[in-house]
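Dropping query.cif in here (mmCIF, C-alpha atoms):
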```
data_my_file
#
loop_
_atom_site.group_PDB
_atom_site.id
_atom_site.type_symbol
_atom_site.label_atom_id
_atom_site.label_comp_id
_atom_site.auth_asym_id
_atom_site.auth_seq_id
_atom_site.Cartn_x
_atom_site.Cartn_y
_atom_site.Cartn_z
ATOM 1 C CA MET A 30 -4.684 16.949 -9.237
ATOM 2 C CA VAL A 31 -8.036 16.270 -7.632
ATOM 3 C CA ALA A 32 -9.894 18.867 -5.661
ATOM 4 C CA VAL A 33 -11.835 16.740 -3.233
ATOM 5 C CA SER A 34 -10.435 14.303 -0.739
ATOM 6 C CA VAL A 35 -12.618 11.320 0.079
ATOM 7 C CA SER A 36 -11.080 10.267 3.316
ATOM 8 C CA GLN A 37 -9.415 12.246 5.999
ATOM 9 C CA ARG A 38 -5.754 11.462 5.658
ATOM 10 C CA ILE A 39 -4.371 10.382 9.028
ATOM 11 C CA ALA A 40 -6.585 11.095 11.973
ATOM 12 C CA SER A 41 -5.178 9.177 14.940
ATOM 13 C CA ASP A 42 -2.166 7.608 16.634
ATOM 14 C CA ASP A 43 -3.534 4.180 15.697
ATOM 15 C CA GLN A 44 -3.644 5.016 11.994
ATOM 16 C CA LEU A 45 -0.188 6.515 12.087
ATOM 17 C CA ALA A 46 1.144 3.456 13.922
ATOM 18 C CA ARG A 47 -0.418 1.160 11.328
ATOM 19 C CA LEU A 48 1.290 3.057 8.508
ATOM 20 C CA LEU A 49 4.613 2.920 10.320
ATOM 21 C CA GLN A 50 4.120 -0.841 10.712
ATOM 22 C CA ILE A 51 3.568 -1.115 6.963
ATOM 23 C CA GLY A 52 6.856 0.769 6.561
ATOM 24 C CA ILE A 53 8.556 -1.785 8.784
ATOM 25 C CA VAL A 54 7.198 -4.652 6.679
ATOM 26 C CA LEU A 55 8.407 -2.950 3.479
ATOM 27 C CA GLU A 56 11.863 -2.587 5.020
ATOM 28 C CA GLU A 57 11.685 -6.239 6.023
ATOM 29 C CA VAL A 58 10.922 -7.156 2.413
ATOM 30 C CA VAL A 59 13.936 -5.144 1.187
ATOM 31 C CA GLU A 60 16.174 -6.817 3.742
ATOM 32 C CA ALA A 61 14.934 -10.312 2.899
ATOM 33 C CA ARG A 62 15.277 -9.808 -0.851
ATOM 34 C CA ALA A 63 18.771 -8.359 -0.537
ATOM 35 C CA HIS A 64 19.783 -11.235 1.721
ATOM 36 C CA HIS A 65 18.484 -13.916 -0.634
ATOM 37 C CA HIS A 66 19.947 -12.278 -3.715
ATOM 38 C CA TYR A 67 23.221 -12.112 -1.856
ATOM 39 C CA GLN A 68 23.100 -15.800 -0.974
ATOM 40 C CA SER A 69 21.870 -17.135 -4.300
ATOM 41 C CA LEU A 70 24.394 -15.242 -6.369
ATOM 42 C CA ASP A 71 27.194 -15.731 -3.908
ATOM 43 C CA ALA A 72 29.662 -17.530 -6.161
ATOM 44 C CA GLU A 73 29.314 -15.073 -8.993
ATOM 45 C CA LEU A 74 28.939 -11.868 -7.070
ATOM 46 C CA ASP A 75 31.316 -9.105 -7.761
ATOM 47 C CA GLN A 76 32.348 -6.752 -5.022
ATOM 48 C CA GLU A 77 30.224 -3.845 -6.182
ATOM 49 C CA ILE A 78 26.917 -5.704 -6.113
ATOM 50 C CA GLU A 79 27.904 -7.460 -2.919
ATOM 51 C CA ASP A 80 28.514 -4.113 -1.220
ATOM 52 C CA LEU A 81 25.308 -2.664 -2.615
ATOM 53 C CA LEU A 82 23.204 -5.509 -1.230
ATOM 54 C CA ALA A 83 24.982 -5.495 2.120
ATOM 55 C CA ASP A 84 24.426 -1.736 2.448
ATOM 56 C CA ALA A 85 20.763 -2.082 1.477
ATOM 57 C CA ALA A 86 20.158 -4.768 4.105
ATOM 58 C CA GLU A 87 21.974 -2.756 6.764
ATOM 59 C CA GLU A 88 20.077 0.428 5.921
ATOM 60 C CA SER A 89 16.726 -1.365 6.025
ATOM 61 C CA ALA A 90 17.503 -2.842 9.435
ATOM 62 C CA GLU A 91 18.355 0.626 10.689
ATOM 63 C CA HIS A 92 15.172 2.117 9.226
ATOM 64 C CA ARG A 93 13.125 -0.605 10.876
ATOM 65 C CA GLN A 94 14.588 0.267 14.247
ATOM 66 C CA ARG A 95 13.859 3.949 13.738
ATOM 67 C CA LEU A 96 10.264 3.182 12.759
ATOM 68 C CA GLU A 97 9.896 0.888 15.772
ATOM 69 C CA SER A 98 11.095 3.715 18.040
ATOM 70 C CA LEU A 99 8.451 6.008 16.544
ATOM 71 C CA ILE A 100 5.734 3.391 17.175
ATOM 72 C CA GLU A 101 6.922 3.003 20.772
ATOM 73 C CA GLY A 102 6.520 6.762 21.189
ATOM 74 C CA LEU A 103 2.885 6.462 20.128
ATOM 75 C CA GLY A 104 2.147 4.017 22.924
ATOM 76 C CA VAL A 105 0.355 1.647 20.559
ATOM 77 C CA ASP A 106 0.698 -2.127 20.851
ATOM 78 C CA SER A 107 3.045 -3.357 18.181
ATOM 79 C CA VAL A 108 2.743 -6.447 16.030
ATOM 80 C CA PRO A 109 5.039 -9.407 16.800
ATOM 81 C CA PHE A 110 7.661 -8.727 14.161
ATOM 82 C CA ASP A 111 9.536 -11.976 14.556
ATOM 83 C CA GLU A 112 6.469 -13.663 13.021
ATOM 84 C CA ILE A 113 6.431 -11.228 10.116
ATOM 85 C CA GLU A 114 10.150 -11.668 9.655
ATOM 86 C CA SER A 115 9.803 -15.433 9.292
ATOM 87 C CA LEU A 116 6.828 -15.029 6.936
ATOM 88 C CA VAL A 117 8.699 -12.612 4.668
ATOM 89 C CA ASP A 118 11.823 -14.736 4.865
ATOM 90 C CA ALA A 119 9.903 -17.876 3.894
ATOM 91 C CA ARG A 120 8.574 -16.170 0.760
ATOM 92 C CA TYR A 121 12.031 -15.153 -0.403
ATOM 93 C CA GLY A 122 13.723 -18.398 0.419
ATOM 94 C CA ARG A 123 12.009 -19.698 -2.718
ATOM 95 C CA THR A 124 12.848 -16.917 -5.132
ATOM 96 C CA GLN A 125 15.834 -16.915 -7.420
ATOM 97 C CA PRO A 126 16.901 -13.822 -9.311
ATOM 98 C CA GLU A 127 17.865 -14.637 -12.864
ATOM 99 C CA ASP A 128 21.003 -12.551 -13.214
ATOM 100 C CA PHE A 129 22.809 -9.392 -12.112
ATOM 101 C CA ASP A 130 20.389 -7.186 -14.063
ATOM 102 C CA GLY A 131 17.495 -8.835 -12.249
ATOM 103 C CA VAL A 132 19.116 -8.197 -8.879
ATOM 104 C CA LEU A 133 19.828 -4.557 -9.643
ATOM 105 C CA TYR A 134 16.393 -3.968 -11.118
ATOM 106 C CA ASP A 135 14.773 -5.547 -8.088
ATOM 107 C CA GLN A 136 16.889 -3.406 -5.807
ATOM 108 C CA LEU A 137 15.840 -0.307 -7.741
ATOM 109 C CA CYS A 138 12.151 -1.256 -7.322
ATOM 110 C CA ASN A 139 12.729 -1.722 -3.585
ATOM 111 C CA GLU A 140 14.272 1.696 -3.161
ATOM 112 C CA GLU A 141 11.699 3.421 -5.369
ATOM 113 C CA THR A 142 8.783 1.782 -3.589
ATOM 114 C CA ALA A 143 10.157 2.712 -0.176
ATOM 115 C CA TYR A 144 10.721 6.297 -1.353
ATOM 116 C CA LYS A 145 7.157 6.521 -2.664
ATOM 117 C CA PHE A 146 5.778 5.105 0.582
ATOM 118 C CA TYR A 147 7.596 7.620 2.809
ATOM 119 C CA ASP A 148 6.786 10.459 0.432
ATOM 120 C CA ASP A 149 3.045 9.683 0.579
ATOM 121 C CA LEU A 150 3.208 9.195 4.350
ATOM 122 C CA ILE A 151 4.933 12.548 4.894
ATOM 123 C CA GLN A 152 2.408 14.289 2.653
ATOM 124 C CA ALA A 153 -0.495 12.651 4.492
ATOM 125 C CA ILE A 154 0.885 13.772 7.857
ATOM 126 C CA GLU A 155 1.478 17.300 6.547
ATOM 127 C CA GLU A 156 -2.120 17.480 5.313
ATOM 128 C CA SER A 157 -3.546 16.150 8.573
ATOM 129 C CA ASP A 158 -4.417 18.450 11.427
ATOM 130 C CA ALA A 159 -4.571 15.577 13.919
ATOM 131 C CA GLU A 160 -2.658 15.789 17.194
ATOM 132 C CA PHE A 161 -0.316 12.834 17.615
ATOM 133 C CA SER A 162 1.379 11.689 20.818
ATOM 134 C CA LEU A 163 4.685 12.221 19.022
ATOM 135 C CA ASP A 164 6.121 15.649 18.396
ATOM 136 C CA ARG A 165 5.069 16.440 14.825
ATOM 137 C CA THR A 166 8.350 18.165 13.906
ATOM 138 C CA GLU A 167 10.469 15.289 15.190
ATOM 139 C CA LEU A 168 8.222 12.749 13.457
ATOM 140 C CA LEU A 169 8.456 14.560 10.120
ATOM 141 C CA ASP A 170 12.212 15.140 10.472
ATOM 142 C CA GLU A 171 12.772 11.444 11.089
ATOM 143 C CA LEU A 172 10.606 10.377 8.150
ATOM 144 C CA ARG A 173 12.198 12.941 5.837
ATOM 145 C CA ALA A 174 15.655 11.652 6.790
ATOM 146 C CA ILE A 175 14.576 8.088 5.970
ATOM 147 C CA ARG A 176 13.064 9.291 2.671
ATOM 148 C CA GLU A 177 16.364 10.987 1.856
ATOM 149 C CA ASP A 178 18.185 7.674 2.382
ATOM 150 C CA GLU A 179 15.801 6.017 -0.069
ATOM 151 C CA ALA A 180 16.356 8.787 -2.633
ATOM 152 C CA GLU A 181 20.109 8.266 -2.330
ATOM 153 C CA GLY A 182 19.559 4.522 -2.745
ATOM 154 C CA VAL A 183 17.656 5.106 -5.995
ATOM 155 C CA SER A 184 20.484 7.281 -7.374
ATOM 156 C CA GLU A 185 23.108 4.788 -6.282
ATOM 157 C CA VAL A 186 21.462 1.788 -7.965
ATOM 158 C CA THR A 187 20.629 3.828 -11.081
ATOM 159 C CA GLU A 188 24.252 4.899 -11.346
ATOM 160 C CA VAL A 189 25.492 1.286 -11.135
ATOM 161 C CA MET A 190 22.878 0.153 -13.693
ATOM 162 C CA GLU A 191 23.822 2.883 -16.164
ATOM 163 C CA ARG A 192 27.519 2.145 -15.857
ATOM 164 C CA ARG A 193 27.185 -1.603 -16.491
ATOM 165 C CA MET B 28 -4.642 5.435 -4.164
ATOM 166 C CA ASN B 29 -5.811 8.865 -5.316
ATOM 167 C CA THR B 30 -9.339 10.194 -5.003
ATOM 168 C CA ALA B 31 -10.197 9.568 -8.663
ATOM 169 C CA ASP B 32 -9.267 5.894 -8.285
ATOM 170 C CA GLN B 33 -11.349 5.622 -5.119
ATOM 171 C CA TYR B 34 -14.338 6.909 -7.097
ATOM 172 C CA LEU B 35 -13.701 4.593 -10.040
ATOM 173 C CA LYS B 36 -13.511 1.595 -7.716
ATOM 174 C CA THR B 37 -16.743 2.604 -6.002
ATOM 175 C CA ILE B 38 -18.621 3.216 -9.263
ATOM 176 C CA TYR B 39 -17.462 -0.180 -10.535
ATOM 177 C CA VAL B 40 -18.719 -1.956 -7.407
ATOM 178 C CA VAL B 41 -22.029 -0.022 -7.302
ATOM 179 C CA GLN B 42 -22.616 -0.730 -11.018
ATOM 180 C CA LYS B 43 -22.179 -4.426 -10.316
ATOM 181 C CA GLN B 44 -24.494 -4.280 -7.329
ATOM 182 C CA GLU B 45 -27.193 -2.324 -9.169
ATOM 183 C CA ASP B 46 -26.615 -4.299 -12.364
ATOM 184 C CA GLY B 47 -26.685 -1.116 -14.410
ATOM 185 C CA PRO B 48 -25.640 2.526 -14.163
ATOM 186 C CA ALA B 49 -24.631 3.675 -10.683
ATOM 187 C CA SER B 50 -26.768 6.418 -9.167
ATOM 188 C CA THR B 51 -24.953 9.465 -7.845
ATOM 189 C CA GLY B 52 -26.689 8.969 -4.479
ATOM 190 C CA SER B 53 -25.370 5.407 -4.095
ATOM 191 C CA ILE B 54 -21.864 6.516 -5.069
ATOM 192 C CA ALA B 55 -21.961 9.380 -2.550
ATOM 193 C CA ASP B 56 -23.325 7.059 0.177
ATOM 194 C CA SER B 57 -20.652 4.430 -0.440
ATOM 195 C CA LEU B 58 -17.895 7.016 -0.204
ATOM 196 C CA GLY B 59 -19.424 8.980 2.658
ATOM 197 C CA VAL B 60 -19.340 12.248 0.698
ATOM 198 C CA SER B 61 -22.041 14.751 -0.283
ATOM 199 C CA PRO B 62 -23.851 14.282 -3.633
ATOM 200 C CA ALA B 63 -22.379 17.648 -4.694
ATOM 201 C CA SER B 64 -18.811 16.373 -4.148
ATOM 202 C CA ALA B 65 -19.669 13.153 -5.982
ATOM 203 C CA ASN B 66 -21.089 15.116 -8.923
ATOM 204 C CA GLU B 67 -17.981 17.259 -9.111
ATOM 205 C CA MET B 68 -15.689 14.244 -9.322
ATOM 206 C CA ILE B 69 -17.958 12.395 -11.746
ATOM 207 C CA GLY B 70 -17.687 15.443 -14.028
ATOM 208 C CA LYS B 71 -13.901 15.186 -13.878
ATOM 209 C CA LEU B 72 -13.988 11.488 -14.664
ATOM 210 C CA GLU B 73 -16.204 12.244 -17.671
ATOM 211 C CA GLU B 74 -13.744 14.888 -18.891
ATOM 212 C CA ARG B 75 -10.971 12.301 -18.712
ATOM 213 C CA GLY B 76 -13.020 9.787 -20.687
ATOM 214 C CA LEU B 77 -13.265 7.373 -17.768
ATOM 215 C CA ALA B 78 -17.025 7.571 -17.139
ATOM 216 C CA GLU B 79 -20.255 8.609 -18.815
ATOM 217 C CA HIS B 80 -23.058 10.297 -16.916
ATOM 218 C CA GLU B 81 -26.605 10.341 -18.174
ATOM 219 C CA LYS B 82 -29.073 12.507 -16.288
ATOM 220 C CA TYR B 83 -31.711 10.543 -14.300
ATOM 221 C CA LYS B 84 -29.999 7.282 -15.204
ATOM 222 C CA GLY B 85 -26.635 7.343 -13.546
ATOM 223 C CA VAL B 86 -22.953 6.785 -14.181
ATOM 224 C CA GLN B 87 -21.311 4.099 -16.267
ATOM 225 C CA LEU B 88 -17.612 3.508 -16.611
ATOM 226 C CA THR B 89 -16.012 3.483 -20.040
ATOM 227 C CA ASP B 90 -13.647 0.652 -21.002
ATOM 228 C CA ASP B 91 -10.666 2.739 -19.830
ATOM 229 C CA GLY B 92 -12.520 3.507 -16.615
ATOM 230 C CA ILE B 93 -13.181 -0.186 -16.004
ATOM 231 C CA VAL B 94 -9.482 -1.043 -16.425
ATOM 232 C CA ARG B 95 -8.498 1.588 -13.862
ATOM 233 C CA ALA B 96 -11.336 0.656 -11.521
ATOM 234 C CA ARG B 97 -10.282 -3.005 -11.523
ATOM 235 C CA ASP B 98 -6.671 -2.021 -10.785
ATOM 236 C CA ALA B 99 -7.869 0.134 -7.907
ATOM 237 C CA LEU B 100 -10.071 -2.668 -6.566
ATOM 238 C CA GLN B 101 -7.110 -5.015 -6.759
ATOM 239 C CA THR B 102 -4.997 -2.552 -4.768
ATOM 240 C CA TYR B 103 -7.789 -2.365 -2.194
ATOM 241 C CA CYS B 104 -7.944 -6.178 -1.973
ATOM 242 C CA ILE B 105 -4.182 -6.294 -1.416
ATOM 243 C CA ILE B 106 -4.479 -3.800 1.459
ATOM 244 C CA GLU B 107 -7.353 -5.773 3.051
ATOM 245 C CA ARG B 108 -5.591 -9.083 2.659
ATOM 246 C CA PHE B 109 -2.332 -7.676 3.982
ATOM 247 C CA LEU B 110 -4.025 -6.172 7.048
ATOM 248 C CA ALA B 111 -6.054 -9.313 7.768
ATOM 249 C CA ASN B 112 -3.436 -11.979 7.134
ATOM 250 C CA VAL B 113 -0.073 -10.358 7.795
ATOM 251 C CA LEU B 114 -0.827 -7.834 10.522
ATOM 252 C CA ALA B 115 -3.797 -9.842 11.921
ATOM 253 C CA VAL B 116 -6.011 -6.746 12.049
ATOM 254 C CA GLU B 117 -9.561 -7.690 13.048
ATOM 255 C CA GLU B 118 -11.138 -4.472 11.750
ATOM 256 C CA PHE B 119 -9.350 -4.824 8.421
ATOM 257 C CA ARG B 120 -12.284 -3.481 6.349
ATOM 258 C CA ASP B 121 -12.471 -0.213 8.258
ATOM 259 C CA GLU B 122 -8.712 0.165 8.332
ATOM 260 C CA ALA B 123 -8.366 -0.566 4.621
ATOM 261 C CA ARG B 124 -10.832 2.234 3.894
ATOM 262 C CA GLU B 125 -8.857 4.586 6.112
ATOM 263 C CA LEU B 126 -5.502 3.658 4.631
ATOM 264 C CA GLU B 127 -6.316 3.287 0.933
ATOM 265 C CA ALA B 128 -5.767 7.015 0.275
ATOM 266 C CA VAL B 129 -2.194 6.764 1.586
ATOM 267 C CA ILE B 130 -1.148 3.449 -0.002
ATOM 268 C CA ASP B 131 0.038 3.826 -3.568
ATOM 269 C CA ASP B 132 -0.336 0.979 -6.071
ATOM 270 C CA THR B 133 3.448 0.521 -6.325
ATOM 271 C CA VAL B 134 3.568 0.043 -2.551
ATOM 272 C CA ALA B 135 0.607 -2.349 -2.737
ATOM 273 C CA GLU B 136 2.455 -4.357 -5.405
ATOM 274 C CA ARG B 137 5.326 -4.861 -2.952
ATOM 275 C CA LEU B 138 2.952 -5.883 -0.176
ATOM 276 C CA ASP B 139 1.382 -8.269 -2.689
ATOM 277 C CA THR B 140 4.608 -10.280 -2.773
ATOM 278 C CA ILE B 141 3.986 -11.574 0.742
ATOM 279 C CA ILE B 142 0.289 -12.411 0.560
ATOM 280 C CA ASP B 143 -1.411 -15.279 -1.229
ATOM 281 C CA ARG B 144 -3.843 -13.512 -3.514
ATOM 282 C CA GLN B 145 -6.017 -15.612 -5.806
ATOM 283 C CA PRO B 146 -5.653 -15.351 -9.597
ATOM 284 C CA GLU B 147 -9.338 -14.388 -9.958
ATOM 285 C CA CYS B 148 -8.766 -11.158 -7.988
ATOM 286 C CA PRO B 149 -10.521 -8.671 -8.158
ATOM 287 C CA ASP B 150 -13.552 -10.667 -9.358
ATOM 288 C CA CYS B 151 -13.579 -12.329 -5.953
ATOM 289 C CA PHE B 152 -14.474 -9.041 -4.263
ATOM 290 C CA ASP B 153 -17.838 -9.316 -2.536
ATOM 291 C CA PRO B 154 -19.555 -5.920 -2.131
ATOM 292 C CA GLU B 155 -21.929 -7.328 0.500
ATOM 293 C CA THR B 156 -19.133 -8.103 2.920
ATOM 294 C CA ASP B 157 -16.831 -5.390 1.533
ATOM 295 C CA ALA B 158 -14.068 -7.974 1.310
ATOM 296 C CA CYS B 159 -12.502 -10.623 -0.885
ATOM 297 C CA ALA B 160 -14.681 -13.736 -0.872
ATOM 298 C CA CYS B 161 -11.557 -15.945 -0.807
ATOM 299 C CA LEU B 162 -10.086 -14.184 2.189
ATOM 300 C CA GLU B 163 -9.544 -16.639 5.006
ATOM 301 C CA ILE B 164 -9.826 -14.810 8.246
ATOM 302 C CA ALA B 165 -8.551 -16.369 11.410
ATOM 303 C CA THR B 166 -11.557 -16.336 13.719
ATOM 304 C CA PRO B 167 -10.829 -16.093 17.421
ATOM 305 C CA VAL B 168 -11.539 -19.305 19.328
ATOM 306 C CA GLU B 169 -14.551 -18.956 21.623
ATOM 307 C CA PRO B 170 -13.644 -19.654 25.237
ATOM 308 C CA GLU B 171 -15.236 -22.815 26.627
ATOM 309 C CA GLN B 172 -18.199 -22.259 28.921
#
```
Can I see the file as structure tokens?
Amino acid sequence: MVAVSVSQRIASDDQLARLLQIGIVLEEVVEARAHHHYQSLDAELDQEIEDLLADAAEESAEHRQRLESLIEGLGVDSVPFDEIESLVDARYGRTQPEDFDGVLYDQLCNEETAYKFYDDLIQAIEESDAEFSLDRTELLDELRAIREDEAEGVSEVTEVMERR
Amino acid sequence: MNTADQYLKTIYVVQKQEDGPASTGSIADSLGVSPASANEMIGKLEERGLAEHEKYKGVQLTDDGIVRARDALQTYCIIERFLANVLAVEEFRDEARELEAVIDDTVAERLDTIIDRQPECPDCFDPETDACACLEIATPVEPEQ
């Protein structure tokens, strides 16, 4: 643990909105990767992995919408996400996972990264004394619920990996 | 990125700029903290074997410190590049400084998958402009007179 903090954690609506936008992009990455894994392994997919990827994509889409609602509540101009979607999609159109292990491992990284992101974000908000346009309790409840989903995702993928 | 990594990154950049040990004053100035705070953290970095401090000369990173500083600088470059090129943020330098404490390196690694970072990173970091020298920034078109 370090005693001094160099920068104030989150001081404004704009900073909070930017972090929520980063969350949206991370969710977009998860969705794109799951989608491309799903397509590229289509012929060989077994039902379990197929369901796992479909659930991951669906959950990410839902998280994105929840984050977008939070940004709307901050009254900050959002970024055109259709452009980001096509950018992220273009990157993953070229990637090919090597095998089932690769897909599962990648999925685990996705869930762990998302968990870490929300965990840091929640901590930063808790440590900040800034007033946001959003109700702090509702904001934290929403982010904690999303973090919980990611924690469940990590356990789910780990369980499948250990069993195989 | 935690506070220790922010210090390591700063010491690394200041050492390069000063072409020798980094003075506590320059480190404190770069981070916008008091010299007392800087001294406290430098002491902790010394205890962890990441830096060496010689009175009246300044701070130098150890080999382990350099490895961590370069990783931290790379994470910072990813955040800048992501803000500038993916989210089209004009004030990407200021925002990167504000956000670096909240963005972990594992998160930065994920963001890295959608930006085109150069293999020479982080040697491409230019302290003068506080940005990657290879970063192509879309400049707004001036309206015709």
Listing only residues of chain B within 8 Å of chain A, what is the closest atom pair and its distance in Å (to one decimal) for each, using all atoms listed in the file, sorted by chain and residue number ascending, as JSON lines?
```
{"residue": "B:Thr30", "atom": "CA", "partner": "A:Ser34", "partner_atom": "CA", "distance": 6.0}
{"residue": "B:Ala31", "atom": "CA", "partner": "A:Val31", "partner_atom": "CA", "distance": 7.1}
{"residue": "B:Gln33", "atom": "CA", "partner": "A:Val35", "partner_atom": "CA", "distance": 7.8}
{"residue": "B:Leu58", "atom": "CA", "partner": "A:Val35", "partner_atom": "CA", "distance": 6.8}
{"residue": "B:Gly59", "atom": "CA", "partner": "A:Val35", "partner_atom": "CA", "distance": 7.6}
{"residue": "B:Val60", "atom": "CA", "partner": "A:Val35", "partner_atom": "CA", "distance": 6.8}
{"residue": "B:Ser64", "atom": "CA", "partner": "A:Val33", "partner_atom": "CA", "distance": 7.0}
{"residue": "B:Met68", "atom": "CA", "partner": "A:Val33", "partner_atom": "CA", "distance": 7.6}
{"residue": "B:Val113", "atom": "CA", "partner": "A:Ile113", "partner_atom": "CA", "distance": 7.0}
{"residue": "B:Leu114", "atom": "CA", "partner": "A:Val108", "partner_atom": "CA", "distance": 6.7}
{"residue": "B:Glu122", "atom": "CA", "partner": "A:Gln44", "partner_atom": "CA", "distance": 7.9}
{"residue": "B:Glu125", "atom": "CA", "partner": "A:Ser36", "partner_atom": "CA", "distance": 6.7}
{"residue": "B:Leu126", "atom": "CA", "partner": "A:Gln44", "partner_atom": "CA", "distance": 7.7}
{"residue": "B:Ala128", "atom": "CA", "partner": "A:Ser36", "partner_atom": "CA", "distance": 6.9}
{"residue": "B:Val129", "atom": "CA", "partner": "A:Asp149", "partner_atom": "CA", "distance": 6.1}
{"residue": "B:Ile130", "atom": "CA", "partner": "A:Phe146", "partner_atom": "CA", "distance": 7.1}
{"residue": "B:Asp131", "atom": "CA", "partner": "A:Phe146", "partner_atom": "CA", "distance": 7.2}
{"residue": "B:Thr133", "atom": "CA", "partner": "A:Thr142", "partner_atom": "CA", "distance": 6.1}
{"residue": "B:Val134", "atom": "CA", "partner": "A:Thr142", "partner_atom": "CA", "distance": 5.6}
{"residue": "B:Arg137", "atom": "CA", "partner": "A:Leu55", "partner_atom": "CA", "distance": 7.4}
{"residue": "B:Leu138", "atom": "CA", "partner": "A:Leu55", "partner_atom": "CA", "distance": 7.2}
{"residue": "B:Thr140", "atom": "CA", "partner": "A:Arg120", "partner_atom": "CA", "distance": 7.9}
{"residue": "B:Ile141", "atom": "CA", "partner": "A:Val117", "partner_atom": "CA", "distance": 6.2}
```
When the PyMOL selection byres ((chain B and resi 39) around 12) is applied to the structure above, which residues does it catch, written out as a PyMOL selection string? chain B and resi 32-38+40-50+53-54+57+77-78+86-100+149-150+152+154
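Going from atom CA of Arg176 of chain A over to atom CA of Glu91 of chain A, you cover 12.9 Å.
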Take atom CA of Arg120 of chain B and atom CA of Leu103 of chain A and report the distance between them in Å, one decimal. 22.8 Å
Please compute the atom CA of Gly182 of chain A-atom CA of Glu140 of chain A distance, one decimal, in Å.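 A separation of 6.0 Å between them.
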When the PyMOL selection byres ((chain A and resi 77) around 12) is applied to the file above, which residues end up in the set, as a PyMOL selection string? chain A and resi 67+73-76+78-84+129+133+185-186+188-190+192-193
Between B:Glu74, B:Glu79, B:Glu67, B:Glu107, single out the one closest to Asp139 of chain B, counting only C-alpha atoms. B:Glu107
